[in-house]
Amino acid sequence: MIDIKFLRENPDVVRASQKGRGESVELVDQIIAIDEKKRAAISEFEALRQEQNTLSKSVGSAKGDEKTALLANAKTLADKVKAADAKRSEVEEATKVLLLQLSNLLDTDAPIGGEEDFVTIEHVGTPRDFAKDGFEPKDHVELGKLLGAIDTERGAKVAGSRSYYLTGIGALLEFALVNYAIQSALKNGFTPVIPPVLVNPAAMEGTGFLGQAAENVYRIERDDVYLVGTSEVPLAAMHMDEILPAEKLPLRYAGYSSCFRREAGTYGKDTRGIIRVHQFDKVEMFTFCKPEDAKAEHARLLQWEKDFLTAMEIPFRVIDVASGDLGSSATRKFDIEAWIPTQGAYREVTSTSNCTEFQARRLNIRYKDSEGTKALATLNGTLVAIPRMIVAILENHQNSDGTVNVPAALQPFLGLKKFELA
RNA sequence: GGAGGAUUCGCAUAGCGGCCGAGUGCGCACGCUUGGAAAGCGUGUAUAGGGAAACCUAUCGAGGGUUCAAAUCCCUCAUCCUCCGCCA
């Protein structure tokens, strides 16, 4: 949610941001109009209420005929107050509905355009030359089978498309990745968290996942709860309706959880393997900090993501995601894309977003220092999303016979230097 | 799933339908006192909205209702605690 005061004073900035995202510019003017109506309705209600409060007090002390007269008066006033109150809450509700539709302001440094208009910030590492190594790389599905690590056929049998089993060294690899991720997060000052993955509508709504992203969310209708698509949701909502002391900031959490995604509208996209699945595990970084520190924190999150990929010895590139492809809460987003040899392409493995005060305002999270309470900023970033990391590791570190070398950083967690054939 | 009890200012509690945005204790802040500290004394101590300001309005788990007037009465829901049932 955008600060309504900011919007009142800088409508052009908000209009430009909406335009950059390819979203409704008209919405800004609708909000300005209804905000004026809202304030008028509030004033009217408050004036009447004040009158009523005064009158009510005099009723209490009055006696006899005087009291009867006052009561009649008060009765008509009460009806007026009721009407004004109804009008007020109606307009307030309508204002909120519109305000919630408005996306976060774009960072002025974010590239403008659609999905294809990202800016590549850097390349790290060099894609391996398999021709030079003298063999054709196998894809992760084939490697997963040879190693007894991934079983997509039985996954489909039991749970439908985009489902899979991680077995044997596949499962061990997940544990190793998670342990390595948590250990580095601890080193960087994060508090490890295992959050709930089943959350209520307020948490989902507050984090902004019931807007444009709603169709990708699993909903358990019977109990009115949702399965989270990322632990960003329970981590952000953890401090919903709270006021945090300034000296506690920045607050950094590393959440490990399963993530559930409907993947609606992706028919035919990444149908092979475990690049795009309905359920996967992920370690997510989440920060609450002062707004003025958000940019620096965003850079830190990106650096920690890069450190992870580097430790996995995987070539990657960093992109600055274009305005049209940002989530509604993000002011700016960086994706890290790992090199996938059999696709001859860089594919997204992690992503970090700066949500400035947008998400915190929706969730009613503030911080307090000596000057008072203020909005705070939230940021999130993937430390490791298991399936895609497994894909990257298997494909990049494979040998001609189908065995796979284990990155040095993971060896202590696996007690292995190499994954042998099953 | 069933039966009870609870939910008030950071914490603990008081609270009669009008004198309650709300008392008390603790905690915290500032001041006095003191050689210094403790004790003692005094003052202050929520959040949001509207307004240039004085100030006004709202909030006693949430939402409805009754009433001129609700922390206080009624209804629904949520959460927590105890007991019973079931269960990893």
# chains A, B, ... in the order shown; residues from 1 in each chain; ligands from 1
$ closest_atom_pairs --of "chain A" --to "chain B" --cutoff "12 Å" --atoms "only C-alpha atoms (C1' of nucleotides)" --output "tab-separated table"
residue	atom	partner	partner_atom	distance
A:Glu36	CA	B:G50	C1'	12.0
A:Lys38	CA	B:G50	C1'	10.7
A:Arg39	CA	B:G50	C1'	7.5
A:Ala40	CA	B:G50	C1'	9.4
A:Ala41	CA	B:G50	C1'	10.5
A:Ile42	CA	B:G50	C1'	7.4
A:Ser43	CA	B:G50	C1'	6.7
A:Glu44	CA	B:G50	C1'	10.4
A:Phe45	CA	B:U57	C1'	8.6
A:Glu46	CA	B:U57	C1'	5.5
A:Ala47	CA	B:C56	C1'	8.2
A:Leu48	CA	B:U57	C1'	10.1
A:Arg49	CA	B:U57	C1'	7.8
A:Gln50	CA	B:C56	C1'	7.6
A:Glu51	CA	B:C56	C1'	10.9
A:Gln52	CA	B:C68	C1'	8.3
A:Asn53	CA	B:A69	C1'	8.0
A:Thr54	CA	B:A69	C1'	10.3
A:Leu55	CA	B:C68	C1'	7.9
A:Ser56	CA	B:A69	C1'	5.6
A:Lys57	CA	B:G18	C1'	6.5
A:Ser58	CA	B:G18	C1'	9.1
A:Val59	CA	B:C68	C1'	7.1
A:Gly60	CA	B:G18	C1'	5.4
A:Ser61	CA	B:G18	C1'	8.3
A:Ala62	CA	B:G18	C1'	11.1
A:Lys67	CA	B:C68	C1'	9.9
A:Thr68	CA	B:C68	C1'	10.0
A:Ala69	CA	B:C68	C1'	10.6
A:Leu70	CA	B:C68	C1'	7.9
A:Leu71	CA	B:C68	C1'	5.3
A:Ala72	CA	B:C68	C1'	7.7
A:Asn73	CA	B:C68	C1'	8.0
A:Ala74	CA	B:C68	C1'	4.7
A:Lys75	CA	B:C68	C1'	5.5
A:Thr76	CA	B:C68	C1'	8.9
A:Leu77	CA	B:C68	C1'	8.4
A:Ala78	CA	B:C68	C1'	7.1
A:Asp79	CA	B:C68	C1'	10.3
A:Val81	CA	B:C68	C1'	11.6
A:Asp85	CA	B:A58	C1'	11.5
A:Glu92	CA	B:G49	C1'	11.3
A:Asn200	CA	B:A78	C1'	11.6
A:Asp241	CA	B:U47	C1'	10.8
A:Glu242	CA	B:U47	C1'	10.8
A:Ile243	CA	B:U47	C1'	9.9
A:Pro245	CA	B:G10	C1'	11.7
A:Asn364	CA	B:A48	C1'	11.1
A:Arg366	CA	B:U47	C1'	11.1
A:Lys368	CA	B:U47	C1'	11.8
A:Ser370	CA	B:A29	C1'	11.2
A:Gly372	CA	B:U47	C1'	10.9
A:Thr373	CA	B:U47	C1'	9.4
A:Lys374	CA	B:U47	C1'	11.8
$ write_last_selection --atoms "C-alpha atoms" --output "tab-separated table (two decimals), in the first residue's frame"
chain	number	residue	atom	x	y	z
A	36	GLU	CA	-11.54	13.63	-0.98
A	38	LYS	CA	-13.65	10.03	2.30
A	39	ARG	CA	-12.24	12.97	4.20
A	40	ALA	CA	-15.46	14.92	3.76
A	41	ALA	CA	-17.44	11.95	5.09
A	42	ILE	CA	-15.12	11.65	8.10
A	43	SER	CA	-15.47	15.33	8.95
A	44	GLU	CA	-19.22	15.15	8.71
A	45	PHE	CA	-19.42	12.10	10.91
A	46	GLU	CA	-17.06	13.53	13.50
A	47	ALA	CA	-18.94	16.81	13.78
A	48	LEU	CA	-22.20	14.96	14.34
A	49	ARG	CA	-20.60	12.56	16.77
A	50	GLN	CA	-19.18	15.42	18.79
A	51	GLU	CA	-22.62	16.97	19.01
A	52	GLN	CA	-24.05	13.65	20.09
A	53	ASN	CA	-21.41	13.08	22.74
A	54	THR	CA	-22.11	16.49	24.24
A	55	LEU	CA	-25.86	15.97	24.18
A	56	SER	CA	-25.62	12.49	25.64
A	57	LYS	CA	-23.70	13.80	28.57
A	58	SER	CA	-26.36	16.38	29.37
A	59	VAL	CA	-29.06	13.69	29.22
A	60	GLY	CA	-27.41	11.86	32.06
A	61	SER	CA	-27.67	14.79	34.46
A	62	ALA	CA	-31.07	16.12	33.32
A	67	LYS	CA	-34.87	15.10	30.20
A	68	THR	CA	-37.79	14.02	28.00
A	69	ALA	CA	-37.15	16.90	25.65
A	70	LEU	CA	-33.45	16.17	25.45
A	71	LEU	CA	-34.15	12.51	24.77
A	72	ALA	CA	-36.37	13.30	21.80
A	73	ASN	CA	-33.66	15.56	20.45
A	74	ALA	CA	-30.98	12.97	21.00
A	75	LYS	CA	-33.02	10.33	19.25
A	76	THR	CA	-33.14	12.21	15.94
A	77	LEU	CA	-29.47	13.05	16.27
A	78	ALA	CA	-28.65	9.39	16.83
A	79	ASP	CA	-30.28	8.53	13.52
A	81	VAL	CA	-25.03	9.90	13.33
A	85	ASP	CA	-21.30	6.57	10.11
A	92	GLU	CA	-13.53	4.19	3.63
A	200	ASN	CA	-4.92	-17.12	6.90
A	241	ASP	CA	0.14	-5.38	13.56
A	242	GLU	CA	3.32	-4.91	15.58
A	243	ILE	CA	5.51	-1.94	16.40
A	245	PRO	CA	11.75	-1.10	18.53
A	364	ASN	CA	0.52	-2.69	9.62
A	366	ARG	CA	5.97	-0.13	12.04
A	368	LYS	CA	9.50	3.11	16.89
A	370	SER	CA	12.74	8.43	19.91
A	372	GLY	CA	7.82	8.30	17.09
A	373	THR	CA	6.47	5.43	15.00
A	374	LYS	CA	7.26	5.14	11.33
$ residues_around --residues "segment 377-383 of chain A" --least-positions-apart "6" --cutoff "9 Å" --atoms "only C-alpha atoms (C1' of nucleotides)" --output "VMD selection string"
chain A and resid 181 to 182 185 232 236 254 282 to 294 297 to 298 301 to 302 304 to 305 308 330 349 to 361 366
$ select_by_dssp --residues "segment 158-286 of chain A" --states "strand (DSSP E)" --output "VMD selection string"
chain A and resid 165 to 166 191 to 193 198 to 199 218 to 220 225 to 227 243 to 245 251 to 260 279 to 286
$ closest_residue --among "B:G64, B:U8, B:G44, B:G2" --to "A29 of chain B" --atoms "only C-alpha atoms (C1' of nucleotides)"
B:G44
$ select_by_dssp --residues "segment 175-319 of chain A" --states "helix (DSSP H, G or I)" --output "PyMOL selection string"
chain A and resi 175-187+201-206+214-216+221-223+232-237+246-248+291-311
$ residues_around --residues "C32 of chain B" --least-positions-apart "3" --cutoff "12 Å" --atoms "only C-alpha atoms (C1' of nucleotides)" --output "PyMOL selection string"
chain B and resi 40-43
$ write_last_selection --atoms "all heavy atoms" --output "CSV table (one decimal), in the first residue's frame"
chain,number,residue,atom,x,y,z
B,40,G,P,9.9,3.4,47.4
B,40,G,OP1,8.7,2.7,47.8
B,40,G,OP2,10.2,3.5,45.9
B,40,G,O5',9.9,4.8,48.0
B,40,G,C5',9.5,5.1,49.3
B,40,G,C4',9.7,6.5,49.7
B,40,G,O4',11.1,6.9,49.5
B,40,G,C3',8.9,7.5,48.7
B,40,G,O3',7.6,7.6,49.1
B,40,G,C2',9.7,8.8,48.9
B,40,G,O2',9.4,9.4,50.1
B,40,G,C1',11.1,8.2,49.0
B,40,G,N9,11.8,8.2,47.7
B,40,G,C8,12.0,7.1,46.9
B,40,G,N7,12.6,7.4,45.7
B,40,G,C5,12.8,8.8,45.8
B,40,G,C6,13.3,9.7,44.8
B,40,G,O6,13.8,9.4,43.7
B,40,G,N1,13.3,11.0,45.3
B,40,G,C2,12.7,11.4,46.4
B,40,G,N2,12.7,12.7,46.7
B,40,G,N3,12.2,10.6,47.3
B,40,G,C4,12.2,9.3,47.0
B,41,C,P,6.5,7.7,47.9
B,41,C,OP1,5.2,7.5,48.6
B,41,C,OP2,6.9,6.8,46.8
B,41,C,O5',6.6,9.2,47.5
B,41,C,C5',6.4,10.3,48.4
B,41,C,C4',6.9,11.6,47.8
B,41,C,O4',8.3,11.5,47.6
B,41,C,C3',6.3,11.9,46.5
B,41,C,O3',5.0,12.4,46.6
B,41,C,C2',7.3,12.9,46.0
B,41,C,O2',7.1,14.2,46.6
B,41,C,C1',8.6,12.3,46.5
B,41,C,N1,9.2,11.5,45.4
B,41,C,C2,9.9,12.1,44.4
B,41,C,O2,10.0,13.3,44.4
B,41,C,N3,10.5,11.4,43.4
B,41,C,C4,10.3,10.0,43.4
B,41,C,N4,10.9,9.3,42.4
B,41,C,C5,9.6,9.4,44.4
B,41,C,C6,9.1,10.1,45.4
B,42,G,P,3.9,11.9,45.4
B,42,G,OP1,2.6,12.3,45.9
B,42,G,OP2,4.2,10.5,45.0
B,42,G,O5',4.3,12.9,44.2
B,42,G,C5',4.3,14.3,44.4
B,42,G,C4',5.0,15.0,43.3
B,42,G,O4',6.4,14.6,43.2
B,42,G,C3',4.5,14.6,41.9
B,42,G,O3',3.2,15.3,41.5
B,42,G,C2',5.6,15.1,41.0
B,42,G,O2',5.6,16.5,40.8
B,42,G,C1',6.8,14.7,41.9
B,42,G,N9,7.4,13.4,41.5
B,42,G,C8,7.3,12.2,42.1
B,42,G,N7,7.9,11.2,41.5
B,42,G,C5,8.4,11.8,40.4
B,42,G,C6,9.2,11.3,39.3
B,42,G,O6,9.6,10.1,39.1
B,42,G,N1,9.6,12.3,38.4
B,42,G,C2,9.2,13.6,38.4
B,42,G,N2,9.7,14.3,37.5
B,42,G,N3,8.5,14.1,39.4
B,42,G,C4,8.1,13.2,40.3
B,43,U,P,2.2,14.6,40.6
B,43,U,OP1,1.0,15.4,40.6
B,43,U,OP2,2.2,13.1,40.9
B,43,U,O5',2.9,14.7,39.2
B,43,U,C5',3.1,16.0,38.6
B,43,U,C4',3.9,15.9,37.3
B,43,U,O4',5.2,15.4,37.7
B,43,U,C3',3.4,15.0,36.3
B,43,U,O3',2.3,15.5,35.5
B,43,U,C2',4.7,14.7,35.5
B,43,U,O2',5.0,15.8,34.6
B,43,U,C1',5.7,14.7,36.6
B,43,U,N1,6.0,13.3,37.0
B,43,U,C2,6.8,12.5,36.2
B,43,U,O2,7.4,13.0,35.2
B,43,U,N3,7.0,11.2,36.6
B,43,U,C4,6.5,10.6,37.7
B,43,U,O4,6.8,9.4,37.9
B,43,U,C5,5.6,11.4,38.5
B,43,U,C6,5.4,12.7,38.1
$ residues_around --residues "Arg15 of chain A" --least-positions-apart "2" --cutoff "12 Å" --atoms "only C-alpha atoms (C1' of nucleotides)" --output "PDB file with N, CA, C and O atoms, in the first residue's frame"
ATOM      1  N   LEU A   7       0.690  10.190  -2.129  1.00  0.00           N
ATOM      2  CA  LEU A   7      -0.075  10.188  -3.373  1.00  0.00           C
ATOM      3  C   LEU A   7      -0.776  11.540  -3.587  1.00  0.00           C
ATOM      4  O   LEU A   7      -0.781  12.075  -4.688  1.00  0.00           O
ATOM      5  N   ARG A   8      -1.369  12.070  -2.531  1.00  0.00           N
ATOM      6  CA  ARG A   8      -2.044  13.372  -2.624  1.00  0.00           C
ATOM      7  C   ARG A   8      -1.085  14.457  -3.113  1.00  0.00           C
ATOM      8  O   ARG A   8      -1.443  15.300  -3.915  1.00  0.00           O
ATOM      9  N   ASN A  10       2.011  14.001  -4.533  1.00  0.00           N
ATOM     10  CA  ASN A  10       2.823  13.714  -5.725  1.00  0.00           C
ATOM     11  C   ASN A  10       2.109  12.802  -6.715  1.00  0.00           C
ATOM     12  O   ASN A  10       2.642  11.761  -7.098  1.00  0.00           O
ATOM     13  N   PRO A  11       0.922  13.198  -7.151  1.00  0.00           N
ATOM     14  CA  PRO A  11       0.167  12.290  -8.028  1.00  0.00           C
ATOM     15  C   PRO A  11       0.914  11.947  -9.316  1.00  0.00           C
ATOM     16  O   PRO A  11       0.787  10.836  -9.827  1.00  0.00           O
ATOM     17  N   ASP A  12       1.722  12.897  -9.818  1.00  0.00           N
ATOM     18  CA  ASP A  12       2.428  12.637 -11.078  1.00  0.00           C
ATOM     19  C   ASP A  12       3.459  11.524 -10.953  1.00  0.00           C
ATOM     20  O   ASP A  12       3.651  10.740 -11.873  1.00  0.00           O
ATOM     21  N   VAL A  13       4.095  11.468  -9.774  1.00  0.00           N
ATOM     22  CA  VAL A  13       5.087  10.415  -9.558  1.00  0.00           C
ATOM     23  C   VAL A  13       4.394   9.055  -9.591  1.00  0.00           C
ATOM     24  O   VAL A  13       4.886   8.096 -10.187  1.00  0.00           O
ATOM     25  N   SER A  17       4.762   5.919 -12.308  1.00  0.00           N
ATOM     26  CA  SER A  17       5.104   4.575 -11.860  1.00  0.00           C
ATOM     27  C   SER A  17       4.129   3.553 -12.430  1.00  0.00           C
ATOM     28  O   SER A  17       4.520   2.497 -12.932  1.00  0.00           O
ATOM     29  N   GLN A  18       2.847   3.887 -12.371  1.00  0.00           N
ATOM     30  CA  GLN A  18       1.828   2.977 -12.906  1.00  0.00           C
ATOM     31  C   GLN A  18       2.036   2.761 -14.407  1.00  0.00           C
ATOM     32  O   GLN A  18       1.931   1.651 -14.908  1.00  0.00           O
ATOM     33  N   LYS A  19       2.354   3.838 -15.088  1.00  0.00           N
ATOM     34  CA  LYS A  19       2.575   3.754 -16.526  1.00  0.00           C
ATOM     35  C   LYS A  19       3.759   2.840 -16.822  1.00  0.00           C
ATOM     36  O   LYS A  19       3.708   1.984 -17.704  1.00  0.00           O
ATOM     37  N   GLY A  20       4.835   3.018 -16.051  1.00  0.00           N
ATOM     38  CA  GLY A  20       6.031   2.203 -16.240  1.00  0.00           C
ATOM     39  C   GLY A  20       5.757   0.717 -16.061  1.00  0.00           C
ATOM     40  O   GLY A  20       6.354  -0.129 -16.714  1.00  0.00           O
ATOM     41  N   ARG A  21       4.831   0.412 -15.180  1.00  0.00           N
ATOM     42  CA  ARG A  21       4.495  -0.987 -14.934  1.00  0.00           C
ATOM     43  C   ARG A  21       3.505  -1.537 -15.960  1.00  0.00           C
ATOM     44  O   ARG A  21       3.221  -2.728 -15.962  1.00  0.00           O
ATOM     45  N   GLY A  22       2.929  -0.621 -16.726  1.00  0.00           N
ATOM     46  CA  GLY A  22       1.891  -1.052 -17.652  1.00  0.00           C
ATOM     47  C   GLY A  22       0.579  -1.288 -16.925  1.00  0.00           C
ATOM     48  O   GLY A  22      -0.237  -2.107 -17.334  1.00  0.00           O
ATOM     49  N   GLU A  23       0.405  -0.562 -15.820  1.00  0.00           N
ATOM     50  CA  GLU A  23      -0.841  -0.699 -15.068  1.00  0.00           C
ATOM     51  C   GLU A  23      -1.647   0.595 -15.132  1.00  0.00           C
ATOM     52  O   GLU A  23      -1.165   1.603 -15.642  1.00  0.00           O
ATOM     53  N   SER A  24      -2.862   0.545 -14.596  1.00  0.00           N
ATOM     54  CA  SER A  24      -3.809   1.637 -14.745  1.00  0.00           C
ATOM     55  C   SER A  24      -3.324   2.964 -14.154  1.00  0.00           C
ATOM     56  O   SER A  24      -3.031   3.064 -12.966  1.00  0.00           O
ATOM     57  N   VAL A  25      -3.282   3.993 -15.020  1.00  0.00           N
ATOM     58  CA  VAL A  25      -2.929   5.337 -14.576  1.00  0.00           C
ATOM     59  C   VAL A  25      -4.177   6.020 -14.024  1.00  0.00           C
ATOM     60  O   VAL A  25      -4.123   6.808 -13.089  1.00  0.00           O
ATOM     61  N   GLU A  26      -5.295   5.622 -14.603  1.00  0.00           N
ATOM     62  CA  GLU A  26      -6.595   6.185 -14.214  1.00  0.00           C
ATOM     63  C   GLU A  26      -6.883   5.922 -12.732  1.00  0.00           C
ATOM     64  O   GLU A  26      -7.508   6.727 -12.050  1.00  0.00           O
ATOM     65  N   LEU A  27      -6.409   4.775 -12.255  1.00  0.00           N
ATOM     66  CA  LEU A  27      -6.626   4.381 -10.865  1.00  0.00           C
ATOM     67  C   LEU A  27      -6.168   5.478  -9.904  1.00  0.00           C
ATOM     68  O   LEU A  27      -6.803   5.735  -8.887  1.00  0.00           O
ATOM     69  N   VAL A  28      -5.072   6.140 -10.251  1.00  0.00           N
ATOM     70  CA  VAL A  28      -4.523   7.189  -9.393  1.00  0.00           C
ATOM     71  C   VAL A  28      -5.541   8.306  -9.216  1.00  0.00           C
ATOM     72  O   VAL A  28      -5.764   8.787  -8.101  1.00  0.00           O
ATOM     73  N   ASP A  29      -6.183   8.699 -10.302  1.00  0.00           N
ATOM     74  CA  ASP A  29      -7.157   9.781 -10.221  1.00  0.00           C
ATOM     75  C   ASP A  29      -8.438   9.349  -9.526  1.00  0.00           C
ATOM     76  O   ASP A  29      -9.062  10.125  -8.820  1.00  0.00           O
ATOM     77  N   GLN A  30      -8.789   8.074  -9.701  1.00  0.00           N
ATOM     78  CA  GLN A  30      -9.952   7.550  -8.970  1.00  0.00           C
ATOM     79  C   GLN A  30      -9.691   7.622  -7.471  1.00  0.00           C
ATOM     80  O   GLN A  30     -10.574   7.964  -6.687  1.00  0.00           O
ATOM     81  N   ILE A  31      -8.461   7.288  -7.082  1.00  0.00           N
ATOM     82  CA  ILE A  31      -8.127   7.301  -5.661  1.00  0.00           C
ATOM     83  C   ILE A  31      -8.144   8.720  -5.109  1.00  0.00           C
ATOM     84  O   ILE A  31      -8.669   8.970  -4.026  1.00  0.00           O
ATOM     85  N   ILE A  32      -7.596   9.654  -5.872  1.00  0.00           N
ATOM     86  CA  ILE A  32      -7.598  11.042  -5.416  1.00  0.00           C
ATOM     87  C   ILE A  32      -9.025  11.530  -5.198  1.00  0.00           C
ATOM     88  O   ILE A  32      -9.330  12.163  -4.179  1.00  0.00           O
ATOM     89  N   LEU A 102      -3.350  -0.582  -6.064  1.00  0.00           N
ATOM     90  CA  LEU A 102      -2.216   0.192  -6.559  1.00  0.00           C
ATOM     91  C   LEU A 102      -0.899  -0.506  -6.205  1.00  0.00           C
ATOM     92  O   LEU A 102      -0.693  -0.894  -5.064  1.00  0.00           O
ATOM     93  N   SER A 103      -0.019  -0.652  -7.208  1.00  0.00           N
ATOM     94  CA  SER A 103       1.270  -1.303  -6.970  1.00  0.00           C
ATOM     95  C   SER A 103       2.258  -0.337  -6.324  1.00  0.00           C
ATOM     96  O   SER A 103       2.033   0.861  -6.305  1.00  0.00           O
ATOM     97  N   ASN A 104       3.348  -0.885  -5.856  1.00  0.00           N
ATOM     98  CA  ASN A 104       4.384  -0.061  -5.237  1.00  0.00           C
ATOM     99  C   ASN A 104       4.998   0.881  -6.269  1.00  0.00           C
ATOM    100  O   ASN A 104       4.978   0.594  -7.472  1.00  0.00           O
ATOM    101  N   LEU A 105       5.550   1.989  -5.781  1.00  0.00           N
ATOM    102  CA  LEU A 105       6.246   2.921  -6.666  1.00  0.00           C
ATOM    103  C   LEU A 105       7.492   2.255  -7.222  1.00  0.00           C
ATOM    104  O   LEU A 105       8.201   1.562  -6.499  1.00  0.00           O
ATOM    105  N   LEU A 106       7.752   2.485  -8.482  1.00  0.00           N
ATOM    106  CA  LEU A 106       8.961   1.934  -9.084  1.00  0.00           C
ATOM    107  C   LEU A 106      10.189   2.674  -8.581  1.00  0.00           C
ATOM    108  O   LEU A 106      10.142   3.893  -8.396  1.00  0.00           O
TER     109      LEU A 106
END
$ residues_around --residues "A78 of chain B" --least-positions-apart "2" --cutoff "12 Å" --atoms "only C-alpha atoms (C1' of nucleotides)" --output "NGL selection string"
(:A and (200)) or (:B and (7 or 61-63 or 76 or 80))
$ residues_around --residues "C84 of chain B" --least-positions-apart "6" --cutoff "12 Å" --atoms "only C-alpha atoms (C1' of nucleotides)" --output "NGL selection string"
:B and (1-4)
$ closest_residue --among "A:Gln398, A:Asp320, A:Val404, A:Glu420" --to "Ile121 of chain A" --atoms "only C-alpha atoms"
A:Asp320
$ residues_around --residues "segment 161-165 of chain A" --least-positions-apart "3" --cutoff "9 Å" --atoms "only C-alpha atoms (C1' of nucleotides)" --output "PyMOL selection string"
chain A and resi 149-158+170-171+271-279
$ write_last_selection --atoms "N, CA, C and O atoms" --output "mmCIF file, in the first residue's frame"
data_model
loop_
_atom_site.group_PDB
_atom_site.id
_atom_site.type_symbol
_atom_site.label_atom_id
_atom_site.label_comp_id
_atom_site.auth_asym_id
_atom_site.auth_seq_id
_atom_site.Cartn_x
_atom_site.Cartn_y
_atom_site.Cartn_z
ATOM 1 N N ALA A 149 18.264 -40.221 -8.202
ATOM 2 C CA ALA A 149 18.069 -39.031 -7.373
ATOM 3 C C ALA A 149 16.693 -38.381 -7.557
ATOM 4 O O ALA A 149 16.155 -37.784 -6.633
ATOM 5 N N ILE A 150 16.163 -38.488 -8.789
ATOM 6 C CA ILE A 150 14.892 -37.808 -9.091
ATOM 7 C C ILE A 150 13.977 -38.791 -9.810
ATOM 8 O O ILE A 150 14.402 -39.466 -10.750
ATOM 9 N N ASP A 151 12.737 -38.874 -9.350
ATOM 10 C CA ASP A 151 11.771 -39.766 -9.993
ATOM 11 C C ASP A 151 10.519 -38.969 -10.339
ATOM 12 O O ASP A 151 9.646 -38.764 -9.504
ATOM 13 N N THR A 152 10.452 -38.498 -11.565
ATOM 14 C CA THR A 152 9.306 -37.683 -11.974
ATOM 15 C C THR A 152 8.126 -38.554 -12.410
ATOM 16 O O THR A 152 6.982 -38.131 -12.300
ATOM 17 N N GLU A 153 8.415 -39.762 -12.904
ATOM 18 C CA GLU A 153 7.320 -40.625 -13.360
ATOM 19 C C GLU A 153 6.413 -41.019 -12.198
ATOM 20 O O GLU A 153 5.192 -40.938 -12.291
ATOM 21 N N ARG A 154 7.032 -41.498 -11.145
ATOM 22 C CA ARG A 154 6.212 -41.878 -9.988
ATOM 23 C C ARG A 154 5.589 -40.646 -9.329
ATOM 24 O O ARG A 154 4.508 -40.712 -8.762
ATOM 25 N N GLY A 155 6.286 -39.522 -9.420
ATOM 26 C CA GLY A 155 5.711 -38.283 -8.902
ATOM 27 C C GLY A 155 4.389 -37.990 -9.586
ATOM 28 O O GLY A 155 3.386 -37.677 -8.942
ATOM 29 N N ALA A 156 4.385 -38.134 -10.918
ATOM 30 C CA ALA A 156 3.173 -37.878 -11.700
ATOM 31 C C ALA A 156 2.097 -38.899 -11.369
ATOM 32 O O ALA A 156 0.917 -38.564 -11.253
ATOM 33 N N LYS A 157 2.516 -40.158 -11.182
ATOM 34 C CA LYS A 157 1.547 -41.213 -10.859
ATOM 35 C C LYS A 157 0.819 -40.890 -9.560
ATOM 36 O O LYS A 157 -0.398 -41.028 -9.451
ATOM 37 N N VAL A 158 1.548 -40.447 -8.584
ATOM 38 C CA VAL A 158 0.990 -40.266 -7.241
ATOM 39 C C VAL A 158 0.366 -38.880 -7.037
ATOM 40 O O VAL A 158 -0.632 -38.742 -6.331
ATOM 41 N N GLY A 170 19.451 -37.682 -4.117
ATOM 42 C CA GLY A 170 18.630 -36.497 -4.398
ATOM 43 C C GLY A 170 18.147 -35.888 -3.102
ATOM 44 O O GLY A 170 18.219 -34.672 -2.880
ATOM 45 N N ALA A 171 17.632 -36.748 -2.234
ATOM 46 C CA ALA A 171 17.158 -36.284 -0.925
ATOM 47 C C ALA A 171 18.332 -35.780 -0.091
ATOM 48 O O ALA A 171 18.247 -34.731 0.562
ATOM 49 N N THR A 271 7.803 -28.422 -19.028
ATOM 50 C CA THR A 271 7.058 -29.600 -18.585
ATOM 51 C C THR A 271 7.981 -30.740 -18.195
ATOM 52 O O THR A 271 7.608 -31.620 -17.432
ATOM 53 N N ARG A 272 9.196 -30.722 -18.725
ATOM 54 C CA ARG A 272 10.131 -31.794 -18.431
ATOM 55 C C ARG A 272 10.936 -31.465 -17.180
ATOM 56 O O ARG A 272 11.390 -30.333 -16.995
ATOM 57 N N GLY A 273 11.054 -32.452 -16.299
ATOM 58 C CA GLY A 273 11.958 -32.265 -15.172
ATOM 59 C C GLY A 273 11.382 -31.449 -14.024
ATOM 60 O O GLY A 273 10.172 -31.328 -13.868
ATOM 61 N N ILE A 274 12.300 -30.887 -13.233
ATOM 62 C CA ILE A 274 11.862 -30.249 -11.986
ATOM 63 C C ILE A 274 12.182 -28.755 -11.937
ATOM 64 O O ILE A 274 12.396 -28.168 -10.892
ATOM 65 N N ILE A 275 12.195 -28.146 -13.132
ATOM 66 C CA ILE A 275 12.435 -26.696 -13.155
ATOM 67 C C ILE A 275 11.217 -25.948 -12.643
ATOM 68 O O ILE A 275 11.322 -24.948 -11.940
ATOM 69 N N ARG A 276 10.042 -26.439 -13.025
ATOM 70 C CA ARG A 276 8.799 -25.758 -12.647
ATOM 71 C C ARG A 276 7.871 -26.794 -12.035
ATOM 72 O O ARG A 276 7.332 -27.647 -12.742
ATOM 73 N N VAL A 277 7.696 -26.742 -10.728
ATOM 74 C CA VAL A 277 6.944 -27.782 -10.014
ATOM 75 C C VAL A 277 5.918 -27.167 -9.064
ATOM 76 O O VAL A 277 5.981 -25.978 -8.751
ATOM 77 N N HIS A 278 5.001 -27.993 -8.609
ATOM 78 C CA HIS A 278 3.934 -27.492 -7.728
ATOM 79 C C HIS A 278 4.388 -27.363 -6.272
ATOM 80 O O HIS A 278 3.780 -26.636 -5.502
ATOM 81 N N GLN A 279 5.396 -28.142 -5.913
ATOM 82 C CA GLN A 279 5.844 -28.125 -4.517
ATOM 83 C C GLN A 279 7.355 -28.266 -4.451
ATOM 84 O O GLN A 279 7.929 -29.145 -5.094
#
$ atom_distance --atom1 "atom CA of Val406 of chain A" --atom2 "atom CA of Leu421 of chain A"
13.4 Å
